[in-house]
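Chemist: So here's start_6.txt, just compact mmCIF, C-alpha atoms and all ligand atoms:
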```
# COMPACT_ATOMS: atom_id res chain seq x y z
CA MET A 3 -8.54 -99.82 56.29
CA CYS A 4 -5.52 -101.23 58.12
CA THR A 5 -4.97 -104.98 57.68
CA VAL A 6 -5.32 -106.92 60.95
CA ASN A 7 -2.99 -109.90 61.26
CA LEU A 8 -3.41 -112.62 63.86
CA ILE A 9 -0.17 -114.51 64.53
CA THR A 10 -0.50 -117.62 66.66
CA GLY A 11 2.82 -118.48 68.27
CA GLY A 12 3.71 -114.81 67.79
CA ALA A 13 6.01 -114.65 70.82
CA GLY A 14 8.16 -117.50 69.51
CA PHE A 15 11.31 -117.39 67.43
CA ILE A 16 9.86 -117.06 63.91
CA GLY A 17 6.56 -115.55 65.10
CA SER A 18 8.26 -112.57 66.75
CA HIS A 19 10.21 -111.75 63.57
CA LEU A 20 6.96 -111.98 61.63
CA CYS A 21 5.20 -109.61 64.07
CA GLU A 22 8.05 -107.15 63.57
CA ALA A 23 7.91 -107.37 59.76
CA LEU A 24 4.13 -106.79 59.71
CA LEU A 25 4.41 -103.78 62.01
CA GLU A 26 7.06 -102.39 59.66
CA ARG A 27 4.36 -102.51 56.98
CA ASP A 28 2.18 -100.36 59.28
CA GLN A 29 -0.31 -103.18 59.70
CA GLU A 30 -2.03 -104.29 62.91
CA VAL A 31 -0.72 -107.32 64.77
CA LEU A 32 -2.56 -109.53 67.24
CA CYS A 33 0.11 -111.72 68.76
CA LEU A 34 -1.41 -114.83 70.36
CA ASP A 35 0.70 -117.18 72.47
CA ASN A 36 0.54 -119.51 75.47
CA PHE A 37 4.26 -118.92 76.21
CA PHE A 38 5.22 -122.59 76.16
CA THR A 39 8.40 -121.89 74.18
CA GLY A 40 7.73 -118.22 73.42
CA ARG A 41 8.97 -115.41 75.62
CA LYS A 42 7.76 -111.92 76.45
CA ALA A 43 11.33 -110.76 75.88
CA ASN A 44 10.94 -111.62 72.17
CA ILE A 45 8.16 -109.05 71.77
CA GLN A 46 8.95 -106.64 74.63
CA HIS A 47 10.15 -103.99 72.17
CA LEU A 48 6.82 -104.16 70.30
CA LEU A 49 4.53 -103.67 73.32
CA GLY A 50 4.60 -99.87 73.07
CA ASN A 51 3.46 -99.91 69.43
CA PRO A 52 -0.24 -98.91 69.23
CA ARG A 53 -0.71 -101.35 66.33
CA PHE A 54 0.47 -104.30 68.47
CA GLU A 55 -1.65 -106.34 70.89
CA LEU A 56 -0.74 -109.40 72.92
CA VAL A 57 -3.28 -112.13 73.68
CA ARG A 58 -2.39 -114.94 76.08
CA HIS A 59 -4.31 -117.93 74.79
CA ASP A 60 -3.88 -121.61 73.99
CA VAL A 61 -4.90 -122.53 70.43
CA ILE A 62 -6.37 -125.85 71.55
CA ASN A 63 -9.32 -123.73 72.77
CA PRO A 64 -11.54 -121.79 70.37
CA ILE A 65 -11.32 -118.00 70.33
CA VAL A 66 -13.38 -115.28 68.64
CA LEU A 67 -11.35 -112.41 67.16
CA GLU A 68 -11.57 -110.16 64.12
CA ALA A 69 -8.70 -110.60 61.68
CA ASP A 70 -8.08 -110.26 57.95
CA ARG A 71 -5.10 -112.59 57.87
CA ILE A 72 -4.12 -115.45 60.18
CA PHE A 73 -0.60 -116.88 60.40
CA ASN A 74 -0.84 -120.20 62.27
CA PHE A 75 2.58 -120.66 63.87
CA ALA A 76 1.64 -121.99 67.33
CA CYS A 77 3.56 -125.21 67.95
CA PRO A 78 6.90 -126.00 69.60
CA ALA A 79 9.41 -126.67 66.81
CA SER A 80 12.41 -128.15 68.60
CA PRO A 81 12.36 -131.96 68.94
CA VAL A 82 13.23 -131.58 72.65
CA HIS A 83 10.21 -129.36 73.24
CA TYR A 84 7.67 -131.08 71.01
CA GLN A 85 8.57 -134.49 72.49
CA HIS A 86 8.24 -133.17 76.05
CA ASN A 87 4.44 -133.59 75.92
CA PRO A 88 3.63 -135.40 72.66
CA VAL A 89 -0.13 -135.54 73.27
CA LYS A 90 -0.18 -131.78 73.76
CA THR A 91 1.86 -131.36 70.55
CA ILE A 92 -0.76 -133.31 68.58
CA LYS A 93 -3.55 -131.30 70.20
CA THR A 94 -1.80 -128.04 69.36
CA ASN A 95 -1.38 -129.06 65.73
CA VAL A 96 -4.79 -130.61 65.15
CA MET A 97 -7.11 -128.64 67.45
CA GLY A 98 -5.12 -125.48 66.82
CA ALA A 99 -5.60 -125.90 63.07
CA LEU A 100 -9.31 -126.68 63.52
CA ASN A 101 -9.87 -123.66 65.72
CA MET A 102 -7.97 -121.28 63.47
CA LEU A 103 -9.61 -122.63 60.29
CA GLY A 104 -13.02 -122.26 61.95
CA LEU A 105 -12.14 -118.68 62.81
CA ALA A 106 -10.91 -117.98 59.26
CA LYS A 107 -14.13 -119.43 57.87
CA ASN A 108 -16.29 -117.33 60.18
CA VAL A 109 -14.54 -114.01 59.62
CA GLY A 110 -13.51 -114.59 55.98
CA ALA A 111 -9.78 -114.35 56.72
CA ARG A 112 -6.93 -115.66 54.58
CA ILE A 113 -5.00 -118.21 56.66
CA LEU A 114 -1.42 -119.46 56.32
CA GLN A 115 -0.18 -122.66 57.91
CA ALA A 116 3.41 -123.03 59.12
CA SER A 117 3.94 -126.57 57.92
CA THR A 118 7.30 -128.24 57.85
CA SER A 119 9.88 -130.28 55.96
CA GLU A 120 9.07 -132.94 58.59
CA VAL A 121 6.01 -133.90 56.51
CA TYR A 122 8.62 -135.60 54.26
CA GLY A 123 9.95 -137.58 57.27
CA ASP A 124 13.23 -139.37 56.52
CA PRO A 125 12.97 -138.65 52.80
CA ALA A 126 13.54 -141.24 50.10
CA VAL A 127 13.53 -138.45 47.49
CA HIS A 128 16.34 -135.90 47.42
CA PRO A 129 16.11 -132.92 47.25
CA GLN A 130 12.53 -132.79 48.52
CA VAL A 131 9.87 -131.58 46.09
CA GLU A 132 6.33 -130.67 47.09
CA SER A 133 4.88 -133.58 45.09
CA TYR A 134 6.74 -136.11 47.30
CA TRP A 135 4.39 -137.71 49.85
CA GLY A 136 7.03 -138.43 52.46
CA ASN A 137 8.35 -141.27 54.58
CA VAL A 138 7.07 -140.78 58.12
CA ASN A 139 7.01 -143.29 60.97
CA PRO A 140 3.47 -142.87 62.37
CA ILE A 141 4.37 -144.22 65.83
CA GLY A 142 7.91 -142.93 66.40
CA PRO A 143 9.10 -140.22 68.78
CA ARG A 144 8.81 -137.54 66.07
CA SER A 145 5.33 -138.56 64.92
CA CYS A 146 3.44 -136.25 67.31
CA TYR A 147 4.96 -133.37 65.35
CA ASP A 148 5.21 -134.91 61.87
CA GLU A 149 1.77 -136.49 61.82
CA GLY A 150 0.25 -133.51 63.63
CA LYS A 151 1.54 -131.24 60.89
CA ARG A 152 0.36 -133.66 58.20
CA VAL A 153 -3.16 -133.72 59.65
CA ALA A 154 -3.07 -129.93 59.83
CA GLU A 155 -2.26 -129.81 56.09
CA SER A 156 -5.18 -132.18 55.41
CA LEU A 157 -7.49 -129.93 57.42
CA PHE A 158 -6.32 -126.86 55.52
CA PHE A 159 -7.02 -128.46 52.15
CA ASP A 160 -10.36 -129.90 53.32
CA TYR A 161 -11.55 -126.52 54.62
CA HIS A 162 -10.46 -125.05 51.31
CA ALA A 163 -12.35 -127.65 49.25
CA GLN A 164 -15.41 -127.87 51.48
CA ASN A 165 -15.76 -124.32 52.82
CA HIS A 166 -13.73 -122.25 50.32
CA VAL A 167 -11.42 -121.00 53.05
CA ASP A 168 -8.59 -118.97 51.49
CA ILE A 169 -5.58 -121.06 52.58
CA ARG A 170 -1.81 -120.84 52.18
CA VAL A 171 0.52 -123.69 53.20
CA VAL A 172 4.29 -123.24 53.50
CA ARG A 173 6.64 -126.13 54.30
CA ILE A 174 9.43 -124.55 56.31
CA PHE A 175 12.90 -126.14 56.32
CA ASN A 176 15.37 -125.69 59.21
CA THR A 177 15.39 -122.01 60.06
CA TYR A 178 17.73 -120.28 62.49
CA GLY A 179 18.41 -116.80 63.81
CA PRO A 180 18.36 -114.55 66.87
CA ARG A 181 15.67 -115.28 69.49
CA MET A 182 16.05 -119.04 69.42
CA LEU A 183 16.10 -120.16 73.05
CA VAL A 184 19.43 -120.83 74.76
CA ASN A 185 18.05 -124.23 75.81
CA ASP A 186 16.15 -124.71 72.56
CA GLY A 187 17.82 -128.05 71.79
CA ARG A 188 18.03 -127.41 68.05
CA VAL A 189 21.40 -127.82 66.42
CA VAL A 190 22.31 -124.22 65.55
CA SER A 191 21.54 -122.77 68.99
CA ASN A 192 23.10 -125.78 70.75
CA PHE A 193 26.37 -125.54 68.82
CA VAL A 194 26.66 -121.75 69.10
CA VAL A 195 25.94 -121.69 72.85
CA GLN A 196 28.29 -124.63 73.47
CA ALA A 197 31.04 -122.96 71.43
CA LEU A 198 30.66 -119.62 73.20
CA CYS A 199 30.83 -121.36 76.60
CA ASN A 200 33.82 -123.47 75.47
CA GLU A 201 31.80 -126.56 76.30
CA PRO A 202 31.92 -129.76 74.22
CA ILE A 203 29.94 -129.56 70.98
CA THR A 204 27.45 -132.43 70.92
CA ILE A 205 27.25 -134.12 67.53
CA TYR A 206 24.50 -136.74 67.39
CA GLY A 207 25.53 -139.81 65.39
CA GLU A 208 28.61 -139.47 63.18
CA GLY A 209 27.69 -135.99 61.98
CA ASN A 210 27.22 -137.02 58.35
CA GLN A 211 23.46 -136.38 58.36
CA THR A 212 22.59 -133.19 56.46
CA ARG A 213 20.36 -130.17 56.93
CA SER A 214 19.86 -126.99 54.88
CA PHE A 215 19.72 -123.87 57.04
CA CYS A 216 17.65 -120.80 56.21
CA TYR A 217 18.22 -117.45 57.95
CA VAL A 218 15.06 -116.09 59.56
CA SER A 219 14.87 -112.83 57.57
CA ASP A 220 14.89 -114.81 54.32
CA LEU A 221 12.15 -117.07 55.63
CA VAL A 222 9.95 -114.17 56.77
CA ALA A 223 10.27 -112.58 53.31
CA GLY A 224 9.07 -115.85 51.75
CA ILE A 225 6.15 -116.16 54.18
CA LEU A 226 5.00 -112.62 53.38
CA ARG A 227 5.24 -113.24 49.64
CA MET A 228 3.13 -116.36 50.04
CA MET A 229 0.52 -114.55 52.12
CA ASP A 230 0.35 -111.72 49.56
CA CYS A 231 0.13 -114.09 46.59
CA ASP A 232 -3.35 -114.55 45.10
CA ASP A 233 -4.54 -117.84 43.63
CA PHE A 234 -1.82 -120.05 45.09
CA THR A 235 -2.57 -122.33 48.03
CA GLY A 236 0.77 -124.14 48.03
CA PRO A 237 2.07 -126.28 49.58
CA VAL A 238 5.36 -124.59 48.83
CA ASN A 239 8.81 -125.32 50.24
CA LEU A 240 10.57 -122.40 51.94
CA GLY A 241 14.18 -123.03 52.84
CA ASN A 242 17.76 -122.51 51.81
CA PRO A 243 18.95 -125.21 49.40
CA ALA A 244 22.59 -124.99 50.56
CA GLU A 245 23.08 -128.38 52.24
CA PHE A 246 25.62 -129.03 55.03
CA THR A 247 26.55 -132.03 57.12
CA ILE A 248 26.21 -131.54 60.88
CA GLN A 249 29.99 -132.02 61.14
CA GLU A 250 30.49 -129.13 58.67
CA LEU A 251 28.16 -126.97 60.75
CA ALA A 252 30.16 -127.75 63.91
CA ASP A 253 33.45 -126.91 62.16
CA LEU A 254 32.05 -123.60 60.89
CA VAL A 255 30.73 -122.62 64.33
CA ILE A 256 34.14 -123.34 65.88
CA GLU A 257 35.89 -121.31 63.18
CA LEU A 258 33.55 -118.32 63.55
CA THR A 259 33.60 -118.28 67.36
CA GLY A 260 37.30 -119.12 67.70
CA SER A 261 36.15 -121.56 70.38
CA ALA A 262 38.31 -124.06 72.22
CA SER A 263 35.41 -126.52 72.32
CA GLU A 264 36.04 -130.12 71.37
CA LEU A 265 33.58 -132.29 69.49
CA VAL A 266 31.82 -135.12 71.34
CA PHE A 267 29.75 -137.75 69.56
CA LYS A 268 26.46 -138.85 71.13
CA ASP A 269 23.79 -141.37 70.09
CA LEU A 270 21.73 -140.42 67.07
CA PRO A 271 18.09 -139.87 68.13
CA GLU A 272 15.58 -142.43 66.79
CA ASN A 273 14.17 -141.62 63.31
CA ASP A 274 16.55 -138.65 62.85
CA PRO A 275 16.27 -137.82 59.11
CA THR A 276 19.51 -138.61 57.27
CA ARG A 277 19.30 -135.95 54.54
CA ARG A 278 17.25 -132.82 54.04
CA GLN A 279 17.38 -130.24 51.26
CA PRO A 280 14.52 -128.25 49.81
CA ASP A 281 13.83 -128.06 46.11
CA ILE A 282 12.66 -124.43 45.87
CA THR A 283 11.85 -124.35 42.15
CA LEU A 284 8.17 -123.75 42.93
CA ALA A 285 8.89 -120.85 45.33
CA ARG A 286 11.20 -119.30 42.73
CA GLU A 287 8.57 -119.61 39.98
CA ARG A 288 5.40 -118.69 41.89
CA LEU A 289 6.73 -116.27 44.51
CA GLY A 290 9.89 -114.94 42.85
CA TRP A 291 11.55 -115.84 46.15
CA GLU A 292 14.88 -117.31 47.10
CA PRO A 293 17.06 -116.92 50.17
CA SER A 294 20.04 -114.59 50.07
CA VAL A 295 21.81 -114.96 53.44
CA PRO A 296 24.71 -117.47 53.35
CA LEU A 297 25.11 -119.72 56.41
CA ARG A 298 28.39 -118.03 57.36
CA ASP A 299 26.74 -114.57 57.52
CA GLY A 300 23.62 -115.79 59.32
CA LEU A 301 25.71 -117.67 61.86
CA ALA A 302 27.70 -114.50 62.58
CA GLN A 303 24.40 -112.79 63.53
CA VAL A 304 23.36 -115.67 65.77
CA ILE A 305 26.77 -115.77 67.44
CA ALA A 306 26.58 -112.03 68.17
CA TYR A 307 23.06 -112.48 69.58
CA PHE A 308 23.94 -115.34 71.94
CA ASP A 309 27.23 -113.71 72.91
CA ALA A 310 25.37 -110.59 74.10
CA LEU A 311 22.70 -112.68 75.83
CA LEU A 312 25.22 -114.87 77.68
CA ARG A 313 27.28 -111.85 78.78
CA GLN A 314 24.11 -110.19 80.07
CA SER A 315 23.11 -113.23 82.11
CA ASN A 316 26.65 -113.57 83.50
CA ASP A 317 26.45 -109.94 84.68
CA MET A 318 23.19 -110.58 86.53
CA PRO A 319 23.49 -110.82 90.32
CA ASP A 320 22.67 -114.33 91.68
P1 LIG B 401 9.05 -121.65 68.70
O1 LIG B 401 8.95 -122.80 69.65
O2 LIG B 401 10.04 -120.58 69.00
O3 LIG B 401 7.64 -120.94 68.51
C1 LIG B 401 6.42 -121.58 68.74
C2 LIG B 401 5.51 -120.60 69.45
O4 LIG B 401 4.20 -121.21 69.60
C3 LIG B 401 5.99 -120.28 70.87
O5 LIG B 401 5.87 -118.90 71.11
C4 LIG B 401 5.05 -121.08 71.76
O6 LIG B 401 4.90 -120.54 73.05
C5 LIG B 401 3.77 -121.03 70.94
N1 LIG B 401 2.85 -122.14 71.25
C6 LIG B 401 3.15 -123.46 71.36
N2 LIG B 401 2.03 -124.16 71.65
C7 LIG B 401 1.01 -123.26 71.70
C8 LIG B 401 -0.37 -123.37 71.96
N3 LIG B 401 -0.95 -124.55 72.23
N4 LIG B 401 -1.13 -122.24 71.96
C9 LIG B 401 -0.57 -121.02 71.71
N5 LIG B 401 0.75 -120.86 71.47
C10 LIG B 401 1.53 -121.97 71.46
O7 LIG B 401 9.33 -122.29 67.27
P2 LIG B 401 9.62 -121.61 65.86
O8 LIG B 401 10.90 -122.13 65.37
O9 LIG B 401 9.41 -120.15 65.93
O10 LIG B 401 8.47 -122.29 64.97
C11 LIG B 401 7.27 -121.59 64.68
C12 LIG B 401 6.41 -122.42 63.75
O11 LIG B 401 7.13 -122.70 62.54
C13 LIG B 401 5.99 -123.77 64.33
O12 LIG B 401 4.66 -124.05 63.94
C14 LIG B 401 6.94 -124.73 63.67
O13 LIG B 401 6.38 -126.02 63.54
C15 LIG B 401 7.15 -124.09 62.31
N6 LIG B 401 8.43 -124.51 61.72
C16 LIG B 401 9.61 -124.02 62.21
C17 LIG B 401 10.80 -124.46 61.66
C18 LIG B 401 12.14 -123.94 62.13
O14 LIG B 401 13.15 -124.41 61.64
N7 LIG B 401 12.22 -122.99 63.02
C19 LIG B 401 10.79 -125.43 60.65
C20 LIG B 401 9.57 -125.91 60.22
C21 LIG B 401 8.39 -125.44 60.74
N1 LIG B 402 21.90 -132.36 66.36
C1 LIG B 402 23.19 -132.57 66.82
N2 LIG B 402 23.53 -132.01 68.01
C2 LIG B 402 22.70 -131.24 68.74
C3 LIG B 402 21.39 -131.02 68.26
C4 LIG B 402 21.03 -131.61 67.06
O1 LIG B 402 24.00 -133.25 66.19
O2 LIG B 402 23.11 -130.75 69.81
C5 LIG B 402 21.52 -132.95 65.07
C6 LIG B 402 20.22 -133.73 65.06
O3 LIG B 402 20.42 -135.07 65.44
C7 LIG B 402 19.77 -133.58 63.62
C8 LIG B 402 20.29 -132.20 63.22
O4 LIG B 402 21.32 -131.88 64.15
O5 LIG B 402 20.39 -134.55 62.82
C9 LIG B 402 19.23 -131.12 63.25
O6 LIG B 402 18.59 -131.19 64.50
P1 LIG B 402 17.50 -130.13 64.96
O7 LIG B 402 16.98 -130.61 66.28
O8 LIG B 402 18.06 -128.77 64.90
O9 LIG B 402 16.37 -130.18 63.85
P2 LIG B 402 15.63 -131.35 63.05
O10 LIG B 402 16.20 -132.68 63.42
O11 LIG B 402 14.21 -131.22 63.46
O12 LIG B 402 15.89 -131.03 61.64
```
What do you get writing this file as structure tokens?

Modeler:
Amino acid sequence: MCTVNLITGGAGFIGSHLCEALLERDQEVLCLDNFFTGRKANIQHLLGNPRFELVRHDVINPIVLEADRIFNFACPASPVHYQHNPVKTIKTNVMGALNMLGLAKNVGARILQASTSEVYGDPAVHPQVESYWGNVNPIGPRSCYDEGKRVAESLFFDYHAQNHVDIRVVRIFNTYGPRMLVNDGRVVSNFVVQALCNEPITIYGEGNQTRSFCYVSDLVAGILRMMDCDDFTGPVNLGNPAEFTIQELADLVIELTGSASELVFKDLPENDPTRRQPDITLARERLGWEPSVPLRDGLAQVIAYFDALLRQSNDMPD
């Protein structure tokens, strides 16, 4: 029997790469999305595949479907998008998790939650290990996302303890790659698009805050290993431990694009985490996983993607 995978948020950046990877395994894919930040263009090339189906649906409402495996990825991930309608972001995280866990319980599916490094907030422990409980402002501008994801983790572990639902929880660190939105607002897409357009590169704060960037193909490989792994609920960190300052990222983007962009410094958003780096010892030990794509190589892919996209839109008649 062919495995049926339900991917919520399947038309988004990571979700669409996951759909692709599961189809490459000759499995069935039900891609569910409300198209808030997802796009049909991300999955257009999959529509002709008989193993692929698209369902337009909002996870805050219950749905009845048959699936063997559920990947719960529905939620805007860029601070600009998740802060646009914070109440909706909380609903998506909490009601979405409840609805998908209820579905998993009813149909006996294994279910994986796309959690986040944001559960660690502005971390007082560095690098971040799974046993660290985090430092999150419960009433700040990021809390709709951070606390929403923390409640979702609680729900996953409560459904596991109370109802024996077969859960998997991955804490994803900053991931980048083709199919991020041009107006996504996240740092990699912002810098690459600004550099390609020779517009000023917007560094928030002094640029000495750090992030650790994971290329999407590495992340998808880790997600699949986690879903395939028996007897391991997580939570497990998935990310690339190579840590860069935002200034270093800007310099690298300028070097790789050969851009004439200058750097401009803007206010640092409230509660912006100062440092972030995953400790991936657990993923190495339990999943035999670690990322292999260096930032320089991944950025080259993203630059080529946005370059083609921007040229295409410039060629379009008004
Ligand atoms: P994305 O915004 O590209 O994808 C999110 C997808 O979810 C979109 O297709 C969107 O339309 C859909 N969606 C949003 N609300 C929905 C709802 N109520 N009902 C149905 N669909 C809905 O973001 P992404 O980077 O692909 O992130 C995917 C998941 O991974 C998110 O859950 C995010 O929190 C998590 N994550 C991502 C990162 C990262 O660096 N990209 C880091 C940590 C966690
Ligand atoms: N950032 C920046 N310029 C931008 C967008 C983001 O300097 O145009 C900074 C942001 O303040 C943060 C880091 O880059 O310190 C990563 O931001 P992103 O929104 O990509 O992800 P997150 O803050 O959720 O890790």

Chemist: Contacts of Arg181 of chain A at 9 Å or less, counting only C-alpha atoms, minus same-chain residues fewer than 2 places along, as a PyMOL selection string?

Modeler: chain A and resi 14-16+18-19+43-44+178-179+183-184+304+307-308

Chemist: At a cut-off of 9 Å, can you tabulate as CSV every residue of chain A near ligand LIG 402 (chain B) together with its closest atom pair and the distance in Å to one decimal, using all atoms listed in the file and ordering rows by chain then number?

Modeler:
```
residue,atom,partner,partner_atom,distance
A:Ala79,CA,B:LIG402,O11,7.4
A:Ser80,CA,B:LIG402,O7,5.7
A:Pro81,CA,B:LIG402,O7,5.5
A:Val82,CA,B:LIG402,O7,7.5
A:Ser119,CA,B:LIG402,O12,8.3
A:Glu120,CA,B:LIG402,O11,7.3
A:Arg144,CA,B:LIG402,O11,8.7
A:Phe175,CA,B:LIG402,O12,7.8
A:Asn176,CA,B:LIG402,O12,5.9
A:Thr177,CA,B:LIG402,O8,8.7
A:Tyr178,CA,B:LIG402,O8,8.8
A:Asp186,CA,B:LIG402,O7,8.7
A:Gly187,CA,B:LIG402,C3,5.8
A:Arg188,CA,B:LIG402,O8,3.4
A:Val189,CA,B:LIG402,C3,3.7
A:Val190,CA,B:LIG402,O8,6.3
A:Ser191,CA,B:LIG402,O8,8.1
A:Asn192,CA,B:LIG402,O2,5.1
A:Phe193,CA,B:LIG402,O2,6.2
A:Gln196,CA,B:LIG402,O2,8.8
A:Ile203,CA,B:LIG402,O2,7.0
A:Thr204,CA,B:LIG402,O2,4.8
A:Ile205,CA,B:LIG402,O1,3.6
A:Tyr206,CA,B:LIG402,O1,3.7
A:Gly207,CA,B:LIG402,O1,6.8
A:Glu208,CA,B:LIG402,O1,8.3
A:Gly209,CA,B:LIG402,O1,6.2
A:Asn210,CA,B:LIG402,O5,8.5
A:Gln211,CA,B:LIG402,O5,5.7
A:Thr212,CA,B:LIG402,O5,6.9
A:Arg213,CA,B:LIG402,C9,6.5
A:Ser214,CA,B:LIG402,O12,8.8
A:Thr247,CA,B:LIG402,C8,8.7
A:Ile248,CA,B:LIG402,O4,5.9
A:Gln249,CA,B:LIG402,O1,7.9
A:Ala252,CA,B:LIG402,O1,8.6
A:Phe267,CA,B:LIG402,O1,8.0
A:Lys268,CA,B:LIG402,O1,7.9
A:Asp269,CA,B:LIG402,O3,8.5
A:Leu270,CA,B:LIG402,O3,5.7
A:Pro271,CA,B:LIG402,O3,6.0
A:Glu272,CA,B:LIG402,O3,8.9
A:Asp274,CA,B:LIG402,O5,5.6
A:Pro275,CA,B:LIG402,O5,6.4
A:Thr276,CA,B:LIG402,O5,6.9
A:Arg277,CA,B:LIG402,O5,8.5
A:Arg278,CA,B:LIG402,O12,7.9
```

Chemist: What is the atom CA of Asp168 of chain A-atom CA of Asn108 of chain A distance in Å, reported with one decimal?

Modeler: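 A separation of 11.7 Å between them.
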
Chemist: Give me, as JSON, numbers by chain, the set of residues whose atoms come within 6 Å of any atom of ligand LIG 401 (chain B), counting only C-alpha atoms and all ligand atoms.

Modeler: {"A": [10, 11, 12, 13, 14, 15, 16, 17, 35, 36, 37, 38, 39, 40, 59, 60, 61, 62, 75, 76, 77, 78, 79, 94, 116, 117, 118, 174, 175, 176, 177]}

Chemist: Please check which residues have atoms at most 8 Å from (-1.9, -129.8, 66.3) in the file's coordinates, counting all atoms listed in the file, and write them as a list in words.

Modeler: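 Within the cut-off we find Ile62, Cys77, Lys90, Thr91, Ile92, Lys93, Thr94, Asn95, Val96, Met97, Gly98, Ala99, Tyr147, Gly150, Lys151, Val153 and Ala154 of chain A.
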
Chemist: Store the residues picked out above, limited to C-alpha atoms, as a CSV table (one decimal), keeping the file's coordinate frame.

Modeler:
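Printed below is part29.csv as written:
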```csv
chain,number,residue,atom,x,y,z
A,62,ILE,CA,-6.4,-125.8,71.6
A,77,CYS,CA,3.6,-125.2,68.0
A,90,LYS,CA,-0.2,-131.8,73.8
A,91,THR,CA,1.9,-131.4,70.6
A,92,ILE,CA,-0.8,-133.3,68.6
A,93,LYS,CA,-3.6,-131.3,70.2
A,94,THR,CA,-1.8,-128.0,69.4
A,95,ASN,CA,-1.4,-129.1,65.7
A,96,VAL,CA,-4.8,-130.6,65.2
A,97,MET,CA,-7.1,-128.6,67.4
A,98,GLY,CA,-5.1,-125.5,66.8
A,99,ALA,CA,-5.6,-125.9,63.1
A,147,TYR,CA,5.0,-133.4,65.4
A,150,GLY,CA,0.2,-133.5,63.6
A,151,LYS,CA,1.5,-131.2,60.9
A,153,VAL,CA,-3.2,-133.7,59.6
A,154,ALA,CA,-3.1,-129.9,59.8
```

Chemist: Which residue is closest to Leu240 of chain A? Choose from A:Gln164, A:Gln130, A:Asn74, A:Gln303 and count all atoms listed in the file.

Modeler: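 Answer, going by the shortest atom-to-atom distance: A:Gln130.
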
Chemist: For the point (42.4, -124.2, 74.1) in the file's frame, write as a VMD selection string all residues with an atom no more than 12 Å away, counting only C-alpha atoms.

Modeler: chain A and resid 197 200 to 202 256 260 to 264

Chemist: One decimal, in Å: what's the spacing between atom CA of Leu297 of chain A and atom CA of Leu25 of chain A?

Modeler: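 Straight-line distance from atom CA of Leu297 of chain A to atom CA of Leu25 of chain A works out to 26.7 Å.
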
Chemist: Calculate how many Å separate atom CA of Phe158 of chain A from atom CA of Ile45 of chain A, rounding to one decimal.

Modeler: 28.1 Å

Chemist: Name the closest residue to Ala111 of chain A among the candidates A:Leu34, A:Leu67, A:Leu49, A:Ile305; distances are taken between atoms, counting all atoms listed in the file.

Modeler: A:Leu67

Chemist: Between A:Ile72, A:Ala223, A:Ala244, A:Cys216, single out the one closest to Arg112 of chain A, counting all atoms listed in the file.

Modeler: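 Using all atoms listed in the file, Arg112 of chain A sits closest to A:Ile72.
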
Chemist: Report as JSON the centre and the edge lengths, in Å to one decimal, of the axis-aligned box holding every listed atom of segment 120-131 of chain A, padded by 5 Å on each side.

Modeler:
```
{"center_x": 11.2, "center_y": -136.4, "center_z": 52.3, "size_x": 20.3, "size_y": 19.7, "size_z": 22.5}
```

Chemist: Have a look at A:Pro129, A:Pro243, A:Gly300, A:Gly142 and name the one nearest to Val218 of chain A; count all atoms listed in the file.

Modeler: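 Going through A:Pro129, A:Pro243, A:Gly300, A:Gly142 one by one, the smallest distance to Val218 of chain A is for A:Gly300.
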
Chemist: Can you pull out the residues contacting Val131 of chain A? Cut-off 10 Å, using all atoms listed in the file, and skip same-chain residues under 4 positions away; I want them as a list in words.

Modeler: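 The contact residues come out as Ser119, Tyr122, Val127, Trp135, Gly136, Val238, Asn239, Gln279, Pro280, Asp281, Ile282, Thr283 and Leu284 of chain A.
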